[in-house]
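Structure file start-v9.pdb (PDB, C-alpha atoms, pLDDT in the B column) is printed below.
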```pdb
ATOM      1  CA  MET A  18     -22.470  24.015   4.000  1.00 48.00           C
ATOM      2  CA  THR A  19     -24.218  21.030   5.605  1.00 46.00           C
ATOM      3  CA  GLN A  20     -22.359  19.579   8.542  1.00 44.00           C
ATOM      4  CA  GLU A  21     -23.051  16.633  10.817  1.00 47.00           C
ATOM      5  CA  PRO A  22     -23.287  17.763  14.442  1.00 46.00           C
ATOM      6  CA  ASP A  23     -20.389  15.567  15.608  1.00 73.00           C
ATOM      7  CA  VAL A  24     -18.037  16.875  12.877  1.00 79.00           C
ATOM      8  CA  ASP A  25     -19.185  20.421  13.636  1.00 84.00           C
ATOM      9  CA  ALA A  26     -18.350  19.946  17.333  1.00 86.00           C
ATOM     10  CA  ILE A  27     -14.955  18.450  16.473  1.00 86.00           C
ATOM     11  CA  VAL A  28     -14.101  21.409  14.216  1.00 90.00           C
ATOM     12  CA  ARG A  29     -15.115  23.885  16.944  1.00 90.00           C
ATOM     13  CA  GLN A  30     -13.018  22.077  19.535  1.00 90.00           C
ATOM     14  CA  ARG A  31      -9.999  21.930  17.205  1.00 90.00           C
ATOM     15  CA  ILE A  32     -10.235  25.655  16.416  1.00 92.00           C
ATOM     16  CA  ARG A  33     -10.387  26.515  20.118  1.00 91.00           C
ATOM     17  CA  SER A  34      -7.611  24.046  21.048  1.00 90.00           C
ATOM     18  CA  LEU A  35      -5.262  25.315  18.327  1.00 90.00           C
ATOM     19  CA  ARG A  36      -5.958  28.919  19.340  1.00 91.00           C
ATOM     20  CA  LEU A  37      -5.229  28.201  23.002  1.00 89.00           C
ATOM     21  CA  ALA A  38      -2.132  26.139  22.163  1.00 88.00           C
ATOM     22  CA  ARG A  39      -0.706  29.218  20.446  1.00 87.00           C
ATOM     23  CA  GLY A  40      -1.572  31.368  23.441  1.00 90.00           C
ATOM     24  CA  TRP A  41      -3.926  33.539  21.376  1.00 91.00           C
ATOM     25  CA  THR A  42      -7.000  35.318  22.647  1.00 92.00           C
ATOM     26  CA  LEU A  43     -10.198  35.455  20.627  1.00 93.00           C
ATOM     27  CA  ASP A  44      -9.143  38.976  19.609  1.00 94.00           C
ATOM     28  CA  SER A  45      -5.748  37.729  18.337  1.00 93.00           C
ATOM     29  CA  LEU A  46      -7.194  34.976  16.157  1.00 94.00           C
ATOM     30  CA  ALA A  47     -10.092  37.159  14.986  1.00 93.00           C
ATOM     31  CA  ALA A  48      -7.621  39.815  13.773  1.00 94.00           C
ATOM     32  CA  ARG A  49      -5.584  37.178  11.901  1.00 93.00           C
ATOM     33  CA  CYS A  50      -8.610  35.800  10.027  1.00 91.00           C
ATOM     34  CA  ASP A  51     -10.550  39.053   9.543  1.00 90.00           C
ATOM     35  CA  LEU A  52     -13.530  38.062  11.718  1.00 92.00           C
ATOM     36  CA  SER A  53     -15.004  39.885  14.663  1.00 92.00           C
ATOM     37  CA  PRO A  54     -14.123  38.421  18.072  1.00 93.00           C
ATOM     38  CA  SER A  55     -17.850  37.976  18.817  1.00 93.00           C
ATOM     39  CA  ASN A  56     -18.380  35.951  15.596  1.00 92.00           C
ATOM     40  CA  LEU A  57     -15.353  33.809  16.393  1.00 93.00           C
ATOM     41  CA  SER A  58     -16.623  33.259  19.941  1.00 93.00           C
ATOM     42  CA  ARG A  59     -20.026  32.174  18.631  1.00 93.00           C
ATOM     43  CA  ILE A  60     -18.328  29.788  16.181  1.00 92.00           C
ATOM     44  CA  GLU A  61     -16.234  28.217  18.970  1.00 91.00           C
ATOM     45  CA  THR A  62     -19.216  27.866  21.325  1.00 91.00           C
ATOM     46  CA  GLY A  63     -21.631  26.472  18.726  1.00 88.00           C
ATOM     47  CA  GLN A  64     -23.944  29.479  18.696  1.00 91.00           C
ATOM     48  CA  ARG A  65     -23.161  30.069  15.026  1.00 89.00           C
ATOM     49  CA  ARG A  66     -22.746  27.648  12.135  1.00 86.00           C
ATOM     50  CA  ILE A  67     -19.349  27.524  10.504  1.00 85.00           C
ATOM     51  CA  ALA A  68     -19.405  28.673   6.886  1.00 85.00           C
ATOM     52  CA  LEU A  69     -16.732  27.649   4.406  1.00 84.00           C
ATOM     53  CA  ASP A  70     -15.799  31.288   3.758  1.00 87.00           C
ATOM     54  CA  GLN A  71     -15.017  31.562   7.495  1.00 90.00           C
ATOM     55  CA  LEU A  72     -13.288  28.204   7.830  1.00 91.00           C
ATOM     56  CA  VAL A  73     -10.681  28.916   5.143  1.00 92.00           C
ATOM     57  CA  PRO A  74      -9.181  32.030   6.821  1.00 93.00           C
ATOM     58  CA  ILE A  75      -9.444  30.423  10.283  1.00 93.00           C
ATOM     59  CA  ALA A  76      -7.520  27.346   9.114  1.00 92.00           C
ATOM     60  CA  ARG A  77      -4.930  29.525   7.365  1.00 92.00           C
ATOM     61  CA  ALA A  78      -4.472  31.712  10.462  1.00 92.00           C
ATOM     62  CA  LEU A  79      -4.022  28.616  12.647  1.00 92.00           C
ATOM     63  CA  GLY A  80      -1.429  27.157  10.256  1.00 89.00           C
ATOM     64  CA  THR A  81      -3.511  24.120   9.361  1.00 88.00           C
ATOM     65  CA  THR A  82      -5.764  22.949   6.537  1.00 87.00           C
ATOM     66  CA  ILE A  83      -9.511  22.510   6.276  1.00 87.00           C
ATOM     67  CA  ASP A  84      -8.907  18.767   5.781  1.00 83.00           C
ATOM     68  CA  GLN A  85      -7.109  18.560   9.122  1.00 83.00           C
ATOM     69  CA  LEU A  86      -9.841  20.523  10.891  1.00 86.00           C
ATOM     70  CA  VAL A  87     -12.659  18.297   9.593  1.00 84.00           C
ATOM     71  CA  GLU A  88     -10.822  14.950   9.657  1.00 78.00           C
ATOM     72  CA  PRO A  89     -12.950  12.359  11.482  1.00 70.00           C
ATOM     73  CA  PRO A  90     -11.506  11.129  14.779  1.00 66.00           C
ATOM     74  CA  ASP A  91     -12.218   7.462  14.077  1.00 62.00           C
ATOM     75  CA  GLU A  92      -9.781   4.558  14.184  1.00 58.00           C
ATOM     76  CA  ALA A  93      -9.412   4.583  10.383  1.00 58.00           C
ATOM     77  CA  GLY A  94      -7.786   8.012  10.626  1.00 62.00           C
ATOM     78  CA  VAL A  95      -5.345   6.886  13.309  1.00 71.00           C
ATOM     79  CA  VAL A  96      -4.411   3.236  12.968  1.00 73.00           C
ATOM     80  CA  ILE A  97      -2.301   2.186   9.988  1.00 76.00           C
ATOM     81  CA  ARG A  98      -2.297  -1.498   9.105  1.00 78.00           C
ATOM     82  CA  PRO A  99       0.653  -1.793   6.751  1.00 82.00           C
ATOM     83  CA  GLU A 100       0.989  -4.618   4.283  1.00 85.00           C
ATOM     84  CA  PRO A 101       4.446  -6.125   3.706  1.00 87.00           C
ATOM     85  CA  VAL A 102       6.070  -5.419   0.351  1.00 88.00           C
ATOM     86  CA  CYS A 103       8.898  -7.632  -0.926  1.00 86.00           C
ATOM     87  CA  GLY A 104      10.319  -5.725  -3.888  1.00 79.00           C
ATOM     88  CA  THR A 105      14.026  -6.502  -3.532  1.00 86.00           C
ATOM     89  CA  PRO A 106      15.354  -9.958  -2.567  1.00 92.00           C
ATOM     90  CA  GLY A 107      16.134  -9.966   1.155  1.00 94.00           C
ATOM     91  CA  VAL A 108      14.154  -6.783   1.899  1.00 94.00           C
ATOM     92  CA  THR A 109      10.608  -6.606   3.224  1.00 93.00           C
ATOM     93  CA  SER A 110       9.150  -3.173   3.902  1.00 90.00           C
ATOM     94  CA  TRP A 111       6.042  -1.850   5.614  1.00 90.00           C
ATOM     95  CA  LEU A 112       4.998   1.736   4.845  1.00 86.00           C
ATOM     96  CA  LEU A 113       4.010   3.287   8.188  1.00 86.00           C
ATOM     97  CA  SER A 114       2.974   6.719   6.941  1.00 80.00           C
ATOM     98  CA  ARG A 115       0.015   7.654   4.823  1.00 68.00           C
ATOM     99  CA  GLU A 116       0.320   8.512   1.143  1.00 58.00           C
ATOM    100  CA  ARG A 117      -1.224  11.927   1.745  1.00 46.00           C
ATOM    101  CA  PHE A 118       1.942  12.964   3.589  1.00 48.00           C
ATOM    102  CA  LEU A 119       4.250  12.515   0.611  1.00 45.00           C
ATOM    103  CA  ASN A 120       5.091  16.218   0.576  1.00 53.00           C
ATOM    104  CA  GLY A 121       6.770  15.713   3.930  1.00 67.00           C
ATOM    105  CA  VAL A 122       8.448  12.493   4.933  1.00 75.00           C
ATOM    106  CA  SER A 123       7.807   8.782   4.626  1.00 81.00           C
ATOM    107  CA  VAL A 124       8.263   6.352   7.492  1.00 87.00           C
ATOM    108  CA  ALA A 125       8.864   2.677   6.827  1.00 89.00           C
ATOM    109  CA  LYS A 126       9.890  -0.415   8.744  1.00 94.00           C
ATOM    110  CA  LEU A 127      12.315  -2.670   6.888  1.00 94.00           C
ATOM    111  CA  ARG A 128      13.470  -6.207   7.579  1.00 96.00           C
ATOM    112  CA  ILE A 129      16.724  -6.957   5.787  1.00 96.00           C
ATOM    113  CA  THR A 130      18.209 -10.449   5.575  1.00 96.00           C
ATOM    114  CA  ALA A 131      21.422 -11.910   4.217  1.00 93.00           C
ATOM    115  CA  GLU A 132      19.623 -12.586   0.903  1.00 94.00           C
ATOM    116  CA  ARG A 133      19.888  -8.902  -0.018  1.00 94.00           C
ATOM    117  CA  PRO A 134      22.403  -8.436  -2.858  1.00 91.00           C
ATOM    118  CA  THR A 135      25.487  -6.606  -1.571  1.00 90.00           C
ATOM    119  CA  GLY A 136      27.699  -6.035  -4.604  1.00 88.00           C
ATOM    120  CA  PRO A 137      29.102  -2.597  -5.465  1.00 87.00           C
ATOM    121  CA  ASP A 138      26.504  -2.288  -8.239  1.00 89.00           C
ATOM    122  CA  GLN A 139      23.782  -2.277  -5.516  1.00 90.00           C
ATOM    123  CA  LEU A 140      24.838   1.097  -4.065  1.00 92.00           C
ATOM    124  CA  ARG A 141      22.287   3.798  -4.910  1.00 90.00           C
ATOM    125  CA  ILE A 142      22.589   7.542  -5.224  1.00 91.00           C
ATOM    126  CA  HIS A 143      19.713  10.001  -5.525  1.00 85.00           C
ATOM    127  CA  SER A 144      18.714  13.362  -4.207  1.00 84.00           C
ATOM    128  CA  GLY A 145      17.285  13.374  -0.721  1.00 82.00           C
ATOM    129  CA  TYR A 146      18.094  12.621   2.867  1.00 83.00           C
ATOM    130  CA  GLU A 147      17.588   9.500   5.004  1.00 88.00           C
ATOM    131  CA  TRP A 148      17.509   8.699   8.692  1.00 92.00           C
ATOM    132  CA  PHE A 149      17.102   5.263  10.294  1.00 95.00           C
ATOM    133  CA  THR A 150      17.257   3.581  13.674  1.00 96.00           C
ATOM    134  CA  VAL A 151      17.952  -0.092  14.264  1.00 97.00           C
ATOM    135  CA  LEU A 152      15.109  -1.890  16.041  1.00 97.00           C
ATOM    136  CA  SER A 153      16.843  -5.291  16.223  1.00 97.00           C
ATOM    137  CA  GLY A 154      20.076  -6.787  14.938  1.00 97.00           C
ATOM    138  CA  THR A 155      22.962  -4.869  13.408  1.00 98.00           C
ATOM    139  CA  ALA A 156      22.793  -2.888  10.169  1.00 97.00           C
ATOM    140  CA  GLU A 157      25.753  -2.524   7.872  1.00 97.00           C
ATOM    141  CA  LEU A 158      25.617   0.920   6.259  1.00 97.00           C
ATOM    142  CA  ARG A 159      27.782   1.358   3.185  1.00 96.00           C
ATOM    143  CA  LEU A 160      28.465   4.989   2.327  1.00 95.00           C
ATOM    144  CA  GLY A 161      30.767   5.074  -0.672  1.00 92.00           C
ATOM    145  CA  GLU A 162      33.922   3.231   0.433  1.00 92.00           C
ATOM    146  CA  ARG A 163      33.060   3.367   4.147  1.00 95.00           C
ATOM    147  CA  VAL A 164      31.312   0.555   6.025  1.00 96.00           C
ATOM    148  CA  ILE A 165      29.632   1.570   9.273  1.00 97.00           C
ATOM    149  CA  LEU A 166      28.020  -0.871  11.698  1.00 98.00           C
ATOM    150  CA  VAL A 167      24.881   0.529  13.301  1.00 98.00           C
ATOM    151  CA  GLN A 168      23.878  -1.448  16.393  1.00 97.00           C
ATOM    152  CA  GLU A 169      20.415  -2.052  17.867  1.00 97.00           C
ATOM    153  CA  GLY A 170      19.160   1.174  19.446  1.00 96.00           C
ATOM    154  CA  ASP A 171      21.551   3.381  17.449  1.00 97.00           C
ATOM    155  CA  ALA A 172      20.562   5.689  14.600  1.00 97.00           C
ATOM    156  CA  ALA A 173      22.216   6.989  11.445  1.00 96.00           C
ATOM    157  CA  GLU A 174      21.483   9.895   9.119  1.00 93.00           C
ATOM    158  CA  PHE A 175      23.033  10.724   5.781  1.00 92.00           C
ATOM    159  CA  SER A 176      22.637  12.483   2.474  1.00 90.00           C
ATOM    160  CA  THR A 177      21.452  10.087  -0.200  1.00 88.00           C
ATOM    161  CA  MET A 178      23.729  11.872  -2.672  1.00 91.00           C
ATOM    162  CA  THR A 179      26.431   9.566  -1.266  1.00 93.00           C
ATOM    163  CA  PRO A 180      26.304   6.079  -2.842  1.00 95.00           C
ATOM    164  CA  HIS A 181      24.660   3.987  -0.119  1.00 95.00           C
ATOM    165  CA  LEU A 182      23.290   0.593   0.822  1.00 95.00           C
ATOM    166  CA  ILE A 183      21.922  -0.818   4.073  1.00 96.00           C
ATOM    167  CA  THR A 184      22.409  -4.557   4.613  1.00 96.00           C
ATOM    168  CA  ALA A 185      22.183  -7.022   7.488  1.00 97.00           C
ATOM    169  CA  HIS A 186      25.378  -7.685   9.411  1.00 96.00           C
ATOM    170  CA  GLY A 187      25.157 -11.346  10.358  1.00 90.00           C
ATOM    171  CA  ALA A 188      21.533 -12.149  11.194  1.00 93.00           C
ATOM    172  CA  ALA A 189      18.484 -10.252   9.943  1.00 96.00           C
ATOM    173  CA  VAL A 190      18.124  -6.609  10.915  1.00 98.00           C
ATOM    174  CA  GLU A 191      14.969  -4.554  11.380  1.00 97.00           C
ATOM    175  CA  ILE A 192      15.122  -0.792  10.963  1.00 97.00           C
ATOM    176  CA  LEU A 193      12.750   2.125  11.120  1.00 96.00           C
ATOM    177  CA  SER A 194      13.550   4.478   8.259  1.00 92.00           C
ATOM    178  CA  ILE A 195      12.505   8.071   7.658  1.00 88.00           C
ATOM    179  CA  LEU A 196      13.084   9.554   4.219  1.00 76.00           C
ATOM    180  CA  ASP A 197      12.353  13.001   2.885  1.00 69.00           C
ATOM    181  CA  HIS A 198      10.149  13.290  -0.208  1.00 58.00           C
ATOM    182  CA  GLU A 199      12.961  12.817  -2.742  1.00 55.00           C
ATOM    183  CA  GLY A 200      14.478   9.856  -0.886  1.00 51.00           C
ATOM    184  CA  SER A 201      11.090   8.218  -0.501  1.00 52.00           C
ATOM    185  CA  ARG A 202      10.315   8.574  -4.207  1.00 50.00           C
ATOM    186  CA  ALA A 203      13.651   7.025  -5.186  1.00 49.00           C
ATOM    187  CA  HIS A 204      13.287   4.099  -2.779  1.00 53.00           C
ATOM    188  CA  ARG A 205       9.766   3.366  -3.992  1.00 52.00           C
ATOM    189  CA  ARG A 206      11.141   3.134  -7.534  1.00 50.00           C
ATOM    190  CA  ASP A 207      13.929   0.780  -6.329  1.00 52.00           C
ATOM    191  CA  THR A 208      11.462  -1.601  -4.666  1.00 48.00           C
ATOM    192  CA  ASP A 209       8.665  -1.408  -7.216  1.00 45.00           C
ATOM    193  CA  PRO A 210       7.917  -5.020  -8.154  1.00 38.00           C
ATOM    194  CA  HIS A 211       6.641  -3.877 -11.563  1.00 35.00           C
TER     195      HIS A 211
END
```

What is this file in structure tokens?
Amino acid sequence: MTQEPDVDAIVRQRIRSLRLARGWTLDSLAARCDLSPSNLSRIETGQRRIALDQLVPIARALGTTIDQLVEPPDEAGVVIRPEPVCGTPGVTSWLLSRERFLNGVSVAKLRITAERPTGPDQLRIHSGYEWFTVLSGTAELRLGERVILVQEGDAAEFSTMTPHLITAHGAAVEILSILDHEGSRAHRRDTDPH
């Protein structure tokens, strides 16, 4: 396995940092990944090259993936520059999480204006769970027959199996929304401009 020295050093540092964060000694981690403590020490200190057949059990033992261990520490891996998407009238969204995290949750910022349709036929139901916090303005959350006002700085969480709709109460509202995988998939279908 050919590795660039800077990536190699990053992987070594991440292995050591994850081990120490768990409070494990070299012996503890070595036992979990079927390596000798001396081999593991040489890997961490750069006295031995890291082979793929060693990296797989080390990553598994540390509860991470090889991708996360070798991910470059550049700005492209950290900074997200979301593009606005206007799929539904009155709703603009910015996806703030990366696509590779779709097995977990999705984070999005939404700006909702009075132009969003609010009729009873707009309420959606799908499997999943949603959480949001209001960044500015007041959100009107419709859950079945209930209408709940969520003020700036407040948060709401609910099962998306309840018919629901988030609209602006008065002026525009901006929210930060976190959806689990099922909720995210359903909302992407709802706002798909195609």

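Remark: for Ala189 of chain A, the closest of the candidate residues A:Ala125, A:Leu113, A:Val108, A:Val73 is A:Val108 (distances computed over only C-alpha atoms).
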
**All residues 8 Å or closer to segment 40-44 of chain A, all atoms listed in the file, same chain fewer than 6 positions away omitted, as a PyMOL selection string** = chain A and resi 53-54+57-58

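Nearest residue to Ser123 of chain A among A:Tyr146, A:Asp70, A:Arg33, A:Leu160 is A:Tyr146, counting all atoms listed in the file.
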
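What the PyMOL selection byres ((chain A and resi 185) around 8) matches in the given file is Ile129, Thr130, Ala131, Gly154, Thr155, Ala156, Glu157, Ile183, Thr184, His186, Gly187, Ala188, Ala189 and Val190 of chain A.
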
**Request:** Decode the PyMOL selection byres ((chain A and resi 172) around 8) for the given file into explicit residues and return them as a list in words.
**Result:** Trp148, Phe149, Thr150, Val151, Val167, Gly170, Asp171, Ala173 and Glu174 of chain A

**Prompt:** Just how far from atom CA of Arg163 of chain A is atom CA of Leu140 of chain A, in Å to one decimal?
**Reply:** 11.8 Å

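Note that the spacing between atom CA of Pro74 of chain A and atom CA of Ala38 of chain A amounts to 17.9 Å.
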
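Between atom CA of Thr179 of chain A and atom CA of Pro101 of chain A the separation is 27.5 Å.
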
Please write out, as AutoDock Vina command-line options, where the centre of an axis-aligned box around all listed atoms of segment 94-101 of chain A lies and how long its edges are, in Å to one decimal, after adding 6 Å on each side.
```
--center_x -1.7 --center_y 0.9 --center_z 8.5 --size_x 24.2 --size_y 26.1 --size_z 21.6
```

**Request:** Using all atoms listed in the file, find the one residue out of A:Leu166, A:Ile83, A:Ala78, A:Leu127 that sits nearest to Glu100 of chain A.
**Result:** A:Leu127

**Complete:** Restricting to only C-alpha atoms, whichever of A:Glu191, A:Pro89, A:Leu72, A:Gly80 is closest to Gly107 of chain A is A:Glu191

**Message:** Using all atoms listed in the file, which protein or nucleic acid residues come within 10 Å of Pro180 of chain A? Drop anything in the same chain fewer than 2 positions from it, and give the result as a ChimeraX atom specification.
**Reply:** /A:137-143,159-162,176-178,182
